[in-house]
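Enquirer: File structure.txt below, compact mmCIF, C-alpha atoms:
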```
# COMPACT_ATOMS: atom_id res chain seq x y z
CA MET N 470 159.06 286.48 40.37
CA SER N 471 157.14 285.21 43.33
CA CYS N 472 157.78 281.69 44.49
CA GLN N 473 155.76 279.29 46.59
CA TYR N 474 157.65 277.08 49.07
CA THR N 475 156.41 273.77 50.42
CA GLN N 476 158.38 272.39 53.35
CA ALA N 477 157.22 268.81 52.92
CA THR N 478 157.11 266.59 55.99
CA SER N 479 156.12 263.36 54.24
CA VAL N 480 156.53 261.71 50.85
CA ASP N 481 152.75 261.90 50.34
CA GLU N 482 152.75 265.63 51.00
CA ALA N 483 155.61 266.19 48.54
CA VAL N 484 153.96 264.03 45.87
CA SER N 485 150.63 265.76 46.24
CA ALA N 486 152.39 269.15 45.88
CA LEU N 487 154.05 267.80 42.72
CA VAL N 488 150.64 266.79 41.37
CA ASP N 489 149.16 270.20 42.22
CA ALA N 490 152.09 272.00 40.63
CA ASN N 491 151.51 270.14 37.36
CA GLY N 492 155.12 270.18 36.23
CA GLU N 493 155.83 273.72 37.43
CA ALA N 494 157.63 272.78 40.67
CA HIS N 495 161.29 272.16 41.41
CA LEU N 496 162.31 269.75 44.15
CA ILE N 497 165.03 270.99 46.48
CA ALA N 498 167.05 268.94 48.96
CA GLY N 499 170.55 270.32 49.70
CA GLY N 500 170.14 273.01 47.06
CA VAL N 501 173.83 273.04 46.12
CA ALA N 502 173.06 272.62 42.42
CA LEU N 503 169.63 274.23 42.10
CA VAL N 504 170.55 277.44 43.93
CA ILE N 505 173.55 277.94 41.64
CA LEU N 506 171.15 277.88 38.70
CA MET N 507 168.84 280.28 40.54
CA ASN N 508 171.72 282.66 41.34
CA GLU N 509 172.69 282.56 37.66
CA LYS N 510 169.03 283.22 36.70
CA LEU N 511 169.01 280.07 34.62
CA VAL N 512 166.14 278.75 36.73
CA GLU N 513 163.47 280.99 38.26
CA PRO N 514 161.25 278.61 40.18
CA SER N 515 157.63 279.46 40.84
CA TRP N 516 157.24 276.61 43.33
CA LEU N 517 159.91 274.89 45.41
CA ILE N 518 159.16 271.65 47.21
CA ASP N 519 161.71 271.02 49.94
CA VAL N 520 162.14 267.31 50.58
CA SER N 521 165.16 267.54 52.87
CA ARG N 522 163.14 267.24 56.08
CA ILE N 523 161.14 264.17 55.08
CA GLU N 524 162.15 261.42 57.48
CA ALA N 525 161.54 258.64 54.96
CA LEU N 526 164.24 260.16 52.73
CA HIS N 527 166.89 259.79 55.42
CA GLY N 528 168.87 256.93 56.87
CA ILE N 529 171.27 254.30 55.61
CA ASP N 530 170.29 250.70 56.36
CA ARG N 531 171.32 247.20 55.49
CA LEU N 532 168.22 245.17 54.68
CA PRO N 533 167.94 241.46 55.64
CA ASP N 534 168.96 240.30 52.14
CA GLY N 535 172.13 242.40 52.24
CA THR N 536 170.79 245.24 50.10
CA VAL N 537 171.96 248.66 51.30
CA ARG N 538 169.24 251.29 51.30
CA ILE N 539 170.25 254.95 51.16
CA GLY N 540 167.58 257.62 51.61
CA ALA N 541 167.59 260.15 48.77
CA ALA N 542 168.16 263.09 51.14
CA VAL N 543 171.24 261.54 52.77
CA THR N 544 174.17 263.95 52.42
CA HIS N 545 177.50 263.15 50.79
CA ARG N 546 179.07 263.69 54.20
CA GLU N 547 176.86 261.02 55.79
CA ILE N 548 177.77 258.62 52.99
CA ALA N 549 181.49 259.36 53.32
CA GLU N 550 181.27 258.51 57.03
CA SER N 551 178.92 255.53 56.77
CA GLN N 552 180.19 252.33 58.35
CA VAL N 553 177.28 250.37 56.88
CA ILE N 554 178.22 251.35 53.33
CA SER N 555 181.99 251.07 53.72
CA GLU N 556 181.71 247.52 55.06
CA THR N 557 180.10 246.38 51.83
CA PHE N 558 180.83 248.93 49.11
CA PRO N 559 183.99 250.81 50.13
CA MET N 560 184.11 252.54 46.75
CA VAL N 561 180.97 254.53 47.60
CA PRO N 562 182.25 256.39 50.71
CA GLU N 563 185.61 256.91 48.96
CA MET N 564 183.77 258.50 46.06
CA ALA N 565 181.56 260.66 48.33
CA ALA N 566 184.55 261.91 50.33
CA GLU N 567 186.00 263.47 47.16
CA ILE N 568 182.91 265.37 46.05
CA ALA N 569 183.61 269.13 45.77
CA CYS N 570 184.67 270.03 49.33
CA GLY N 571 183.43 269.78 52.91
CA ARG N 572 180.81 272.50 52.83
CA ILE N 573 179.19 271.04 49.70
CA MET N 574 179.33 267.52 51.18
CA ASN N 575 177.55 268.85 54.26
CA LYS N 576 174.51 270.00 52.24
CA GLY N 577 174.50 268.13 48.95
CA THR N 578 172.53 264.88 48.83
CA ILE N 579 173.01 261.67 46.90
CA GLY N 580 169.44 261.85 45.61
CA GLY N 581 169.82 265.44 44.47
CA ASN N 582 173.05 264.61 42.71
CA ILE N 583 171.58 261.57 40.96
CA CYS N 584 168.42 263.43 39.93
CA LEU N 585 170.47 266.31 38.52
CA ALA N 586 171.87 263.67 36.14
CA ASP N 587 174.95 265.75 35.49
CA PRO N 588 177.20 263.75 33.16
CA GLN N 589 180.11 264.67 35.44
CA GLY N 590 178.45 263.56 38.66
CA ASP N 591 180.26 260.88 40.64
CA PRO N 592 177.39 259.19 42.56
CA PRO N 593 175.53 258.26 39.34
CA ILE N 594 178.43 256.24 37.91
CA ALA N 595 179.08 254.51 41.23
CA MET N 596 175.43 253.43 41.14
CA LEU N 597 175.82 252.29 37.51
CA ALA N 598 178.75 250.04 38.39
CA LEU N 599 176.83 248.63 41.36
CA ASP N 600 173.58 248.10 39.41
CA ALA N 601 171.55 250.01 41.95
CA THR N 602 167.81 250.49 41.85
CA MET N 603 166.22 253.93 42.03
CA ARG N 604 162.96 253.78 43.98
CA ALA N 605 160.65 256.58 42.92
CA ALA N 606 157.52 257.67 44.79
CA GLY N 607 154.51 258.98 42.88
CA PRO N 608 150.73 259.27 43.16
CA ASP N 609 150.33 255.52 42.62
CA GLY N 610 152.93 254.48 45.16
CA THR N 611 156.50 253.49 44.52
CA ARG N 612 158.16 252.38 41.28
CA ASP N 613 161.59 250.75 40.95
CA ILE N 614 163.77 251.98 38.10
CA PRO N 615 167.04 250.16 37.29
CA VAL N 616 169.84 252.72 37.27
CA ARG N 617 170.75 251.75 33.70
CA GLU N 618 167.37 253.09 32.59
CA PHE N 619 167.44 256.15 34.85
CA PHE N 620 169.64 258.63 32.95
CA VAL N 621 167.83 259.39 29.72
CA ASP N 622 169.41 262.63 28.45
CA LEU N 623 171.40 265.68 29.50
CA TYR N 624 170.12 266.61 32.99
CA THR N 625 167.12 264.38 32.36
CA THR N 626 166.04 261.29 34.27
CA ALA N 627 163.31 258.71 33.89
CA LEU N 628 161.37 260.31 36.75
CA ARG N 629 157.96 261.66 35.78
CA GLU N 630 156.93 265.17 36.77
CA ASP N 631 154.81 263.82 39.63
CA GLU N 632 157.52 261.55 41.02
CA LEU N 633 160.44 262.03 43.38
CA LEU N 634 163.39 259.80 44.17
CA GLN N 635 162.73 258.24 47.57
CA GLU N 636 165.67 255.93 48.06
CA ILE N 637 168.53 254.10 46.39
CA LEU N 638 168.89 250.35 46.79
CA ILE N 639 172.30 248.79 46.20
CA PRO N 640 172.01 245.01 45.83
CA PRO N 641 174.53 242.75 47.56
CA MET N 642 177.50 241.86 45.37
CA LYS N 643 178.38 238.30 44.43
CA ASP N 644 181.18 236.70 46.42
CA GLY N 645 184.60 237.78 45.24
CA SER N 646 183.47 241.15 43.89
CA VAL N 647 185.80 244.10 44.29
CA THR N 648 185.20 247.76 43.50
CA ALA N 649 187.23 250.86 42.74
CA PHE N 650 186.60 254.46 41.85
CA GLY N 651 188.97 256.55 39.76
CA LYS N 652 188.91 260.21 38.93
CA TYR N 653 191.05 262.44 36.77
CA ALA N 654 190.38 266.02 37.77
CA ALA N 655 191.87 269.37 36.89
CA ARG N 656 191.64 270.42 40.54
CA LYS N 657 191.66 268.43 43.74
CA ALA N 658 188.73 270.35 45.22
CA MET N 659 185.63 271.67 43.43
CA ASP N 660 186.50 269.51 40.44
CA TYR N 661 183.40 270.58 38.63
CA THR N 662 184.60 270.89 35.07
CA SER N 663 186.52 268.53 32.84
CA THR N 664 186.51 265.70 35.34
CA ILE N 665 186.72 262.18 34.00
CA SER N 666 185.61 259.50 36.41
CA ILE N 667 185.28 255.73 36.29
CA ALA N 668 183.54 253.31 38.64
CA VAL N 669 184.38 249.62 38.52
CA ARG N 670 182.97 246.46 40.04
CA LEU N 671 184.59 243.23 38.98
CA ILE N 672 185.15 239.61 39.87
CA ARG N 673 188.57 238.18 39.13
CA ASN N 674 189.09 234.50 38.41
CA ASP N 675 191.89 233.67 40.79
CA SER N 676 193.11 230.61 38.89
CA SER N 677 193.17 232.07 35.38
CA GLY N 678 193.58 235.73 36.33
CA ASN N 679 190.82 236.65 33.86
CA LEU N 680 188.02 239.09 34.58
CA ASN N 681 184.98 236.92 35.28
CA GLU N 682 182.49 239.75 35.46
CA ILE N 683 182.80 243.49 35.14
CA SER N 684 180.42 246.40 35.49
CA LEU N 685 181.41 250.00 34.72
CA GLY N 686 180.23 253.57 34.97
CA PHE N 687 181.75 256.44 32.95
CA GLY N 688 181.58 260.09 34.06
CA GLY N 689 182.31 263.24 32.06
CA VAL N 690 182.29 261.61 28.64
CA GLY N 691 178.77 261.98 27.29
CA GLN N 692 175.32 263.51 27.60
CA THR N 693 174.61 261.47 30.72
CA PRO N 694 176.46 259.39 33.27
CA MET N 695 177.22 256.45 30.98
CA HIS N 696 177.57 252.71 30.95
CA SER N 697 178.62 250.54 28.01
CA GLU N 698 177.65 246.91 27.68
CA GLU N 699 179.89 246.73 24.62
CA ILE N 700 182.98 247.61 26.66
CA GLU N 701 181.87 245.32 29.49
CA ARG N 702 181.54 242.44 27.01
CA MET N 703 185.04 243.07 25.66
CA LEU N 704 186.49 242.83 29.15
CA THR N 705 184.43 239.91 30.45
CA GLY N 706 186.34 236.64 30.42
CA ALA N 707 189.53 238.34 29.21
CA ALA N 708 192.92 238.72 30.82
CA PRO N 709 193.87 242.34 31.57
CA THR N 710 196.76 242.63 29.14
CA ASP N 711 198.25 245.51 27.16
CA ALA N 712 196.58 244.14 24.04
CA LEU N 713 193.16 244.05 25.68
CA PHE N 714 193.43 247.59 27.00
CA GLU N 715 194.61 248.82 23.60
CA ALA N 716 191.53 247.27 21.98
CA VAL N 717 189.33 248.79 24.70
CA ARG N 718 190.93 252.19 24.15
CA GLU N 719 190.11 252.04 20.45
CA LYS N 720 186.53 251.02 21.17
CA LEU N 721 186.13 253.80 23.73
CA PHE N 722 186.86 256.33 20.98
CA ASP N 723 183.65 255.09 19.27
CA VAL N 724 181.52 254.58 22.33
CA LEU N 725 182.14 257.72 24.38
CA GLU N 726 180.67 261.08 23.41
CA PRO N 727 182.53 263.77 25.36
CA ILE N 728 182.41 267.42 24.36
CA ASP N 729 185.19 269.97 24.01
CA ASP N 730 185.36 272.41 26.89
CA HIS N 731 187.62 275.24 28.02
CA LEU N 732 190.21 272.84 29.45
CA TYR N 733 190.19 269.65 27.44
CA SER N 734 189.26 268.62 23.91
CA ALA N 735 186.85 265.76 23.39
CA ASN N 736 189.66 263.57 22.06
CA TYR N 737 191.83 264.29 25.05
CA LYS N 738 188.94 263.25 27.31
CA ARG N 739 188.56 259.99 25.37
CA HIS N 740 192.24 259.32 25.87
CA VAL N 741 192.16 260.19 29.58
CA SER N 742 189.08 258.07 30.02
CA ALA N 743 190.86 255.03 28.56
CA VAL N 744 193.87 255.58 30.83
CA THR N 745 191.69 256.14 33.88
CA LEU N 746 189.63 253.07 33.06
CA ARG N 747 192.71 250.88 32.90
CA ARG N 748 194.13 252.27 36.15
CA THR N 749 190.83 251.91 37.98
CA ILE N 750 190.33 248.35 36.77
CA MET N 751 193.85 247.47 37.91
CA LYS N 752 193.25 249.16 41.26
CA ALA N 753 190.28 246.85 41.79
CA TYR N 754 191.94 243.85 40.17
CA ASP N 755 195.14 243.61 42.21
CA GLY N 756 195.88 247.02 43.69
CA THR N 757 198.73 247.56 41.23
CA TRP N 758 197.63 251.11 40.67
CA GLU N 759 197.99 252.92 43.97
CA GLY N 760 196.26 256.22 43.41
CA GLU N 761 196.09 259.06 45.86
CA GLY N 762 192.69 258.55 47.50
CA VAL N 763 190.33 258.10 44.62
CA LEU N 764 192.19 260.63 42.53
CA ILE N 765 194.47 258.94 40.10
CA ARG N 766 195.80 261.82 38.08
CA MET H 19 154.77 284.98 48.41
CA THR H 20 156.62 285.76 51.61
CA MET H 21 156.98 283.25 54.40
CA ASP H 22 157.98 283.50 58.04
CA VAL H 23 161.23 281.93 59.10
CA THR H 24 163.23 281.99 62.30
CA LEU H 25 166.97 282.22 61.88
CA ASN H 26 169.10 281.64 64.92
CA VAL H 27 172.21 283.67 64.10
CA ASN H 28 175.08 283.80 66.56
CA GLY H 29 172.74 282.83 69.39
CA GLN H 30 170.13 285.45 68.57
CA GLU H 31 166.72 284.59 67.12
CA HIS H 32 165.50 286.62 64.16
CA LYS H 33 161.91 286.21 63.01
CA LEU H 34 161.83 287.34 59.41
CA ALA H 35 159.35 287.49 56.56
CA VAL H 36 161.34 286.32 53.55
CA GLU H 37 160.94 285.50 49.92
CA PRO H 38 161.60 281.75 49.79
CA THR H 39 164.31 282.33 47.19
CA GLU H 40 166.31 284.75 49.36
CA THR H 41 169.73 283.40 50.20
CA VAL H 42 171.11 283.47 53.71
CA VAL H 43 174.17 285.46 52.62
CA ASN H 44 171.93 288.25 51.38
CA ILE H 45 169.84 288.20 54.55
CA LEU H 46 172.93 288.29 56.75
CA ARG H 47 174.47 291.19 54.85
CA ASN H 48 171.47 293.26 53.82
CA ARG H 49 168.93 292.70 56.58
CA LEU H 50 170.90 291.73 59.68
CA GLU H 51 173.85 294.00 58.85
CA LEU H 52 176.29 291.17 59.49
CA THR H 53 178.62 292.13 56.66
CA GLY H 54 181.51 290.00 57.86
CA THR H 55 180.22 287.17 55.69
CA HIS H 56 181.44 288.00 52.21
CA LYS H 57 179.72 287.25 48.95
CA ASP H 58 181.68 286.50 45.85
CA CYS H 59 181.07 283.73 43.34
CA SER H 60 177.47 282.83 44.29
CA MET H 61 178.21 279.33 43.00
CA GLY H 62 179.55 277.62 46.11
CA VAL H 63 183.04 277.56 44.63
CA CYS H 64 185.08 280.21 46.45
CA GLY H 65 184.16 279.73 50.11
CA ALA H 66 184.06 283.45 50.99
CA CYS H 67 180.46 283.15 52.26
CA THR H 68 181.09 280.11 54.47
CA VAL H 69 179.03 280.07 57.65
CA LEU H 70 178.43 277.24 60.09
CA MET H 71 175.00 275.64 60.15
CA ASN H 72 174.56 273.41 63.17
CA GLY H 73 178.33 273.46 63.55
CA ARG H 74 179.24 272.49 60.00
CA PRO H 75 180.49 274.72 57.17
CA VAL H 76 178.03 275.51 54.39
CA SER H 77 177.96 278.00 51.52
CA SER H 78 175.50 280.69 52.60
CA CYS H 79 175.15 281.78 48.95
CA LEU H 80 173.57 278.40 48.20
CA LEU H 81 171.41 278.32 51.32
CA LEU H 82 167.85 279.55 50.96
CA ALA H 83 166.23 281.17 53.98
CA PRO H 84 163.64 278.39 54.45
CA GLN H 85 166.42 275.78 54.39
CA ALA H 86 167.94 277.57 57.38
CA ASP H 87 164.62 277.97 59.20
CA GLY H 88 165.06 276.89 62.82
CA GLN H 89 168.72 276.03 62.30
CA GLU H 90 171.65 277.44 64.20
CA ILE H 91 173.84 279.72 62.06
CA ARG H 92 177.22 281.08 63.11
CA THR H 93 179.05 283.81 61.25
CA VAL H 94 182.51 285.32 61.60
CA GLU H 95 181.05 287.92 63.97
CA SER H 96 180.54 285.15 66.54
CA LEU H 97 184.27 284.54 66.91
CA GLU H 98 185.02 287.76 68.77
CA HIS H 99 183.97 287.96 72.42
CA ASP H 100 183.88 291.24 74.38
CA GLY H 101 186.20 292.91 71.89
CA LYS H 102 188.67 290.04 72.08
CA LEU H 103 189.52 288.11 68.94
CA SER H 104 189.53 284.31 69.01
CA PRO H 105 192.95 282.61 69.15
CA LEU H 106 192.48 281.64 65.50
CA GLN H 107 191.80 285.24 64.49
CA GLU H 108 194.84 286.39 66.46
CA ALA H 109 196.92 283.74 64.71
CA PHE H 110 195.76 284.98 61.30
CA LEU H 111 197.11 288.44 62.25
CA THR H 112 200.34 287.11 63.73
CA PHE H 113 201.14 284.91 60.75
CA GLY H 114 200.12 287.44 58.10
CA ALA H 115 197.41 285.08 56.88
CA VAL H 116 195.33 288.10 55.87
CA GLN H 117 196.16 290.23 52.88
CA CYS H 118 193.18 291.75 51.06
CA GLY H 119 190.95 290.00 53.59
CA TYR H 120 188.09 289.12 51.29
CA CYS H 121 188.41 285.37 51.78
CA THR H 122 189.34 285.58 55.47
CA PRO H 123 185.89 285.15 57.08
CA GLY H 124 185.33 281.97 55.06
CA PHE H 125 188.72 280.55 56.04
CA LEU H 126 188.12 281.44 59.69
CA MET H 127 184.74 279.69 59.78
CA THR H 128 185.98 276.62 57.91
CA ALA H 129 188.99 276.32 60.21
CA THR H 130 186.87 276.98 63.31
CA ALA H 131 184.61 274.06 62.38
CA LEU H 132 187.64 271.84 61.74
CA LEU H 133 189.18 272.61 65.13
CA GLU H 134 185.89 272.07 66.96
CA GLU H 135 185.41 268.69 65.34
CA ASN H 136 189.05 267.60 65.33
CA PRO H 137 191.06 269.61 67.89
CA LYS H 138 194.38 268.16 66.79
CA PRO H 139 194.42 267.98 63.01
CA ASP H 140 197.72 267.27 61.28
CA ARG H 141 198.89 269.38 58.34
CA GLY H 142 197.22 267.07 55.83
CA GLU H 143 193.89 267.36 57.62
CA VAL H 144 194.18 271.16 57.74
CA ILE H 145 194.89 271.29 54.00
CA GLU H 146 192.05 268.87 53.28
CA ALA H 147 189.59 270.93 55.33
CA LEU H 148 190.60 274.19 53.64
CA LYS H 149 190.79 272.81 50.10
CA GLY H 150 187.49 274.38 49.04
CA ASN H 151 188.35 277.92 50.14
CA LEU H 152 190.09 280.15 47.62
CA CYS H 153 192.64 282.83 48.50
CA ARG H 154 194.20 284.81 45.69
CA CYS H 155 196.76 286.73 47.83
CA THR H 156 198.55 284.62 50.40
CA GLY H 157 199.41 281.44 48.56
CA TYR H 158 197.82 279.51 51.49
CA LYS H 159 201.06 278.82 53.33
CA LYS H 160 200.50 281.44 56.01
CA ILE H 161 196.86 280.46 56.42
CA ILE H 162 197.83 276.84 56.99
CA GLU H 163 200.57 277.89 59.44
CA ALA H 164 198.12 280.12 61.32
CA VAL H 165 195.65 277.26 61.73
CA GLU H 166 198.40 274.86 62.79
CA SER H 167 199.65 277.33 65.38
CA VAL H 168 196.44 277.11 67.41
CA VAL H 169 196.16 273.32 67.28
CA GLY H 170 195.90 272.03 70.82
CA GLN H 171 195.09 275.45 72.29
```
Once more with this new file: its structure as C-alpha cells, please.
Expert:
Amino acid sequence: MSCQYTQATSVDEAVSALVDANGEAHLIAGGVALVILMNEKLVEPSWLIDVSRIEALHGIDRLPDGTVRIGAAVTHREIAESQVISETFPMVPEMAAEIACGRIMNKGTIGGNICLADPQGDPPIAMLALDATMRAAGPDGTRDIPVREFFVDLYTTALREDELLQEILIPPMKDGSVTAFGKYAARKAMDYTSTISIAVRLIRNDSSGNLNEISLGFGGVGQTPMHSEEIERMLTGAAPTDALFEAVREKLFDVLEPIDDHLYSANYKRHVSAVTLRRTIMKAYDGTWEGEGVLIR
Amino acid sequence: MTMDVTLNVNGQEHKLAVEPTETVVNILRNRLELTGTHKDCSMGVCGACTVLMNGRPVSSCLLLAPQADGQEIRTVESLEHDGKLSPLQEAFLTFGAVQCGYCTPGFLMTATALLEENPKPDRGEVIEALKGNLCRCTGYKKIIEAVESVVGQ
C-alpha cells in the first residue's frame, strides 16, 4: 500500500495535514511503537505525519510559576538526563532511564509514549501521579486536558483526530512533596510485557507520621494507565501501617482490572501491584524500601 | 508514493527514492548491500540491527527512511579501516565473544557508542549499556570481558 509522508516543520503544518487526512493519518515521532505495528502488519498507514522535527515540540523548560514544560517530541534519553526535571521531579528522570534500553530511549519520545496510551507505559503513570496537563494543538488552537481525563480506553486518548499532543506541563508540587517510582518487571531491559509499575507523590505529616496527601498512578493493571481516587482516599490522612496496607490490598483486588498473560495471571498481578504500591509508597515516605534503581523486584 | 531522501551512511551520501515506510535496515541490506547489519526480531527487542544515528545507538528495524533523512548513520562496516579491524572487533575475536555471530554487529555498535561517549566505563556501565542486546550463544560474559579489555585504549 502506498503511503504519503509529511515531514512537518510546524505545529500548524502538522495540524492542517491532520485536517486534510480526515482521520486517515498516523502521527509519528520516534516511531519505536508505530513501526513495530507496521512491521507486524497490524497498522498499514496511508499517511504518516512526522512531528519529530517540529521545534515547538522540543525543549524542557521551567516556567516562571515553577511549572515544568516538556515538549512532546522530547526523547526518553533527554528526560533521563534533564537537570531541570531532576531538580524538581527526580522520579521522572529515574523512570525514563529505565524505559526499554538505550537505543529505544534515544528515539522514543514522551509524547509518543503517552499518546500510545499503553496500559504498561511508564511515562503516563508518572504524569498521573504528578497531575500533569496535556496541551493539545488543533485547528482552533491549543486545548489543555488534565491527565486524569486523557486515557479513555485501551490505546485510546482524549485527543481528537485533528489534534496532536504539543507539550506536557507538570505543575509545581506543594512544599514537602516527595515522589517515587516503582516497577516490578520480568526482565531488567525491554520489560515490555507483564510489568507492574507504580508512581507515587505524597506529603508526609512529620509530626503525626500520617500521609497528608497522596497521588498515584498504576501501570499494567487495566485497560489504560490507571489512577484510583478510591485508593487515594483510603491512604489520605492515614498512618502507613500493616493494617492500612492490608485494607488497600483488598480494595486493589476490586479496583484494578489486569488481564492474564503468558507470564502472570490477573490475580498475581493484583497481588504484585499491592506489594509494589506499598514498597513505592515507603520509598517515598521514608526511604525504608531501598530498591535497585527504580526496579523493586 | 516515493520520496527522495539522503542517507549519509559511513561517511558516504546516498540519494535514494524510497517508499516512506521502508526501514533503514532493509535499505542498508537490500539496496546498499551493507549486510553486516543483521535483521531479526523487527520489534526493537533483540538489538541485532543496531546502528548509530548521529553517534547514538538506534534500532534500524524501527527507523523509517524519512526519519533518517539527512542524518549520519554508521554501521558495523565503518569499524574496519584499510582491512584492519577496530580494537573492539579484535577483542571480540581474542575473547571468543563471537559464536554464531548473528548478534555481533549490534553488540559492536552498541559498545562502540558507549566507549565514544564514556571512554572508561566500569563493568556496571558496560552491562547497563549492553542490556538491550540479546545473545543466545555466549552467555554475555565474554562479550563484557571483550568490551572491558579495550577500556582506556
Enquirer: What are the closest atom pairs, with distances in Å to one decimal, for all residues of chain N lying within 6 Å of chain H? Consider all atoms listed in the file, order rows by chain and residue number, and present the result as a tab-separated table.
Expert:
```
residue	atom	partner	partner_atom	distance
N:Ser471	CA	H:Met19	CA	5.6
N:Cys472	CA	H:Met19	CA	5.9
N:Val501	CA	H:Leu80	CA	5.8
N:Val504	CA	H:Leu80	CA	5.3
N:Ile505	CA	H:Met61	CA	5.0
N:Cys570	CA	H:Gly150	CA	5.2
N:Arg572	CA	H:Val76	CA	4.4
N:Ala658	CA	H:Gly150	CA	5.7
```
Enquirer: Can you pull out every residue within 8 Å of region 134-145 of chain H, counting only C-alpha atoms, but drop anything in the same chain fewer than 5 positions away, and send it as a ChimeraX atom specification?
Expert: /H:129,162,165-166,169-170
Enquirer: With distances taken over all atoms listed in the file, which of N:Ala483, N:Val616, N:Ala595, N:Ile683 is nearest to Ala668 (chain N)?
Expert: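 Residue with the minimum atom-to-atom distance to Ala668 (chain N): N:Ala595.
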Enquirer: Which residues are near Ile523 (chain N)? Cut-off 7 Å, all atoms listed in the file, ignore same chain within fewer than 4 positions. Put them as a count of residues only.
Expert: 4
Enquirer: Can you measure CA of Glu550 (chain N) to CA of Val741 (chain N) for me? One decimal in Å is fine.
Expert: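 Distance reported for this atom pair: 29.6 Å.
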Enquirer: Could you give me, as a PyMOL selection string, the residues within 10 Å of Gly691 (chain N), counting only C-alpha atoms and dropping anything in the same chain fewer than 6 positions from it?
Expert: chain N and resi 587-589+622-623+724-728+735
Enquirer: Limited to C-alpha atoms, could you put the picked residues into a file as a tab-separated table (two decimals), in the frame of the given file?
Expert:
```
chain	number	residue	atom	x	y	z
N	587	ASP	CA	174.95	265.75	35.49
N	588	PRO	CA	177.20	263.75	33.16
N	589	GLN	CA	180.11	264.67	35.44
N	622	ASP	CA	169.41	262.63	28.45
N	623	LEU	CA	171.40	265.68	29.50
N	724	VAL	CA	181.52	254.58	22.33
N	725	LEU	CA	182.14	257.72	24.38
N	726	GLU	CA	180.67	261.08	23.41
N	727	PRO	CA	182.53	263.77	25.36
N	728	ILE	CA	182.41	267.42	24.36
N	735	ALA	CA	186.85	265.76	23.39
```
Enquirer: Would you work out the distance separating CA of Glu563 (chain N) from CA of Leu532 (chain N), expressed in Å to one decimal?
Expert: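 CA of Leu532 (chain N) lies at a distance of 21.7 Å from CA of Glu563 (chain N).
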Enquirer: What is the CA of Tyr624 (chain N)-CA of Pro641 (chain N) distance in Å, reported with one decimal?
Expert: 28.3 Å
Enquirer: Which residues are close to region 597-604 of chain N, i.e. within 6 Å by only C-alpha atoms, leaving aside same-chain residues fewer than 4 positions away? Reply as a PyMOL selection string.
Expert: chain N and resi 612-616+635-639+668-670+684-686
Enquirer: Using only C-alpha atoms, pick whichever of H:Cys153, H:Leu111, H:Val94, H:Ala86 has the shortest atom-to-atom distance to Ala131 (chain H).
Expert: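 Looking only at the distances to Ala131 (chain H), the closest residue turns out to be H:Val94.
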Enquirer: Within 10 Å of (157.8, 260.8, 45.9), all atoms listed in the file: residues as a short mmCIF file (atom, residue, chain, number, x, y, z; two decimals) with C-alpha atoms, in the frame of the given file?
Expert:
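Everything below was put into result03.cif:
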```cif
data_model
loop_
_atom_site.label_atom_id
_atom_site.label_comp_id
_atom_site.auth_asym_id
_atom_site.auth_seq_id
_atom_site.Cartn_x
_atom_site.Cartn_y
_atom_site.Cartn_z
CA SER N 479 156.12 263.36 54.24
CA VAL N 480 156.53 261.71 50.85
CA ASP N 481 152.75 261.90 50.34
CA GLU N 482 152.75 265.63 51.00
CA ALA N 483 155.61 266.19 48.54
CA VAL N 484 153.96 264.03 45.87
CA SER N 485 150.63 265.76 46.24
CA ALA N 486 152.39 269.15 45.88
CA LEU N 487 154.05 267.80 42.72
CA VAL N 520 162.14 267.31 50.58
CA LEU N 526 164.24 260.16 52.73
CA ARG N 604 162.96 253.78 43.98
CA ALA N 605 160.65 256.58 42.92
CA ALA N 606 157.52 257.67 44.79
CA GLY N 607 154.51 258.98 42.88
CA PRO N 608 150.73 259.27 43.16
CA ASP N 609 150.33 255.52 42.62
CA GLY N 610 152.93 254.48 45.16
CA THR N 611 156.50 253.49 44.52
CA ARG N 612 158.16 252.38 41.28
CA LEU N 628 161.37 260.31 36.75
CA ASP N 631 154.81 263.82 39.63
CA GLU N 632 157.52 261.55 41.02
CA LEU N 633 160.44 262.03 43.38
CA LEU N 634 163.39 259.80 44.17
CA GLN N 635 162.73 258.24 47.57
CA GLU N 636 165.67 255.93 48.06
#
```
Enquirer: Here is a test: counting only C-alpha atoms, which residue of N:Gly581, N:Gly688, N:Gly499, N:Pro592 is nearest to Ala566 (chain N)?
Expert: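 Checking each candidate against Ala566 (chain N), we get N:Pro592 as the closest.
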Enquirer: Report as a ChimeraX atom specification all protein, DNA and RNA residues lying within 12 Å of Cys118 (chain H), evaluated on all atoms listed in the file, omitting residues in the same chain fewer than 4 positions from it.
Expert: /H:114,122-123,153-156
Enquirer: Show me that you can extract region 713-732 of chain N, keeping C-alpha atoms, and write it as a short mmCIF file (atom, residue, chain, number, x, y, z; two decimals), in the first residue's frame.
Expert:
```cif
data_model
loop_
_atom_site.label_atom_id
_atom_site.label_comp_id
_atom_site.auth_asym_id
_atom_site.auth_seq_id
_atom_site.Cartn_x
_atom_site.Cartn_y
_atom_site.Cartn_z
CA LEU N 713 -3.81 0.02 56.26
CA PHE N 714 -1.85 -1.74 53.54
CA GLU N 715 -3.86 -4.92 54.08
CA ALA N 716 -7.08 -2.95 53.58
CA VAL N 717 -5.59 -1.28 50.49
CA ARG N 718 -4.56 -4.67 49.12
CA GLU N 719 -8.12 -5.95 49.46
CA LYS N 720 -9.52 -2.86 47.78
CA LEU N 721 -7.00 -3.12 44.94
CA PHE N 722 -8.44 -6.55 44.09
CA ASP N 723 -11.73 -4.76 43.30
CA VAL N 724 -10.34 -1.65 41.69
CA LEU N 725 -7.67 -3.00 39.34
CA GLU N 726 -8.54 -4.79 36.11
CA PRO N 727 -5.42 -6.61 34.92
CA ILE N 728 -5.58 -9.38 32.34
CA ASP N 729 -3.96 -12.80 32.31
CA ASP N 730 -0.96 -13.02 30.02
CA HIS N 731 1.70 -15.57 29.14
CA LEU N 732 3.72 -14.83 32.28
#
```
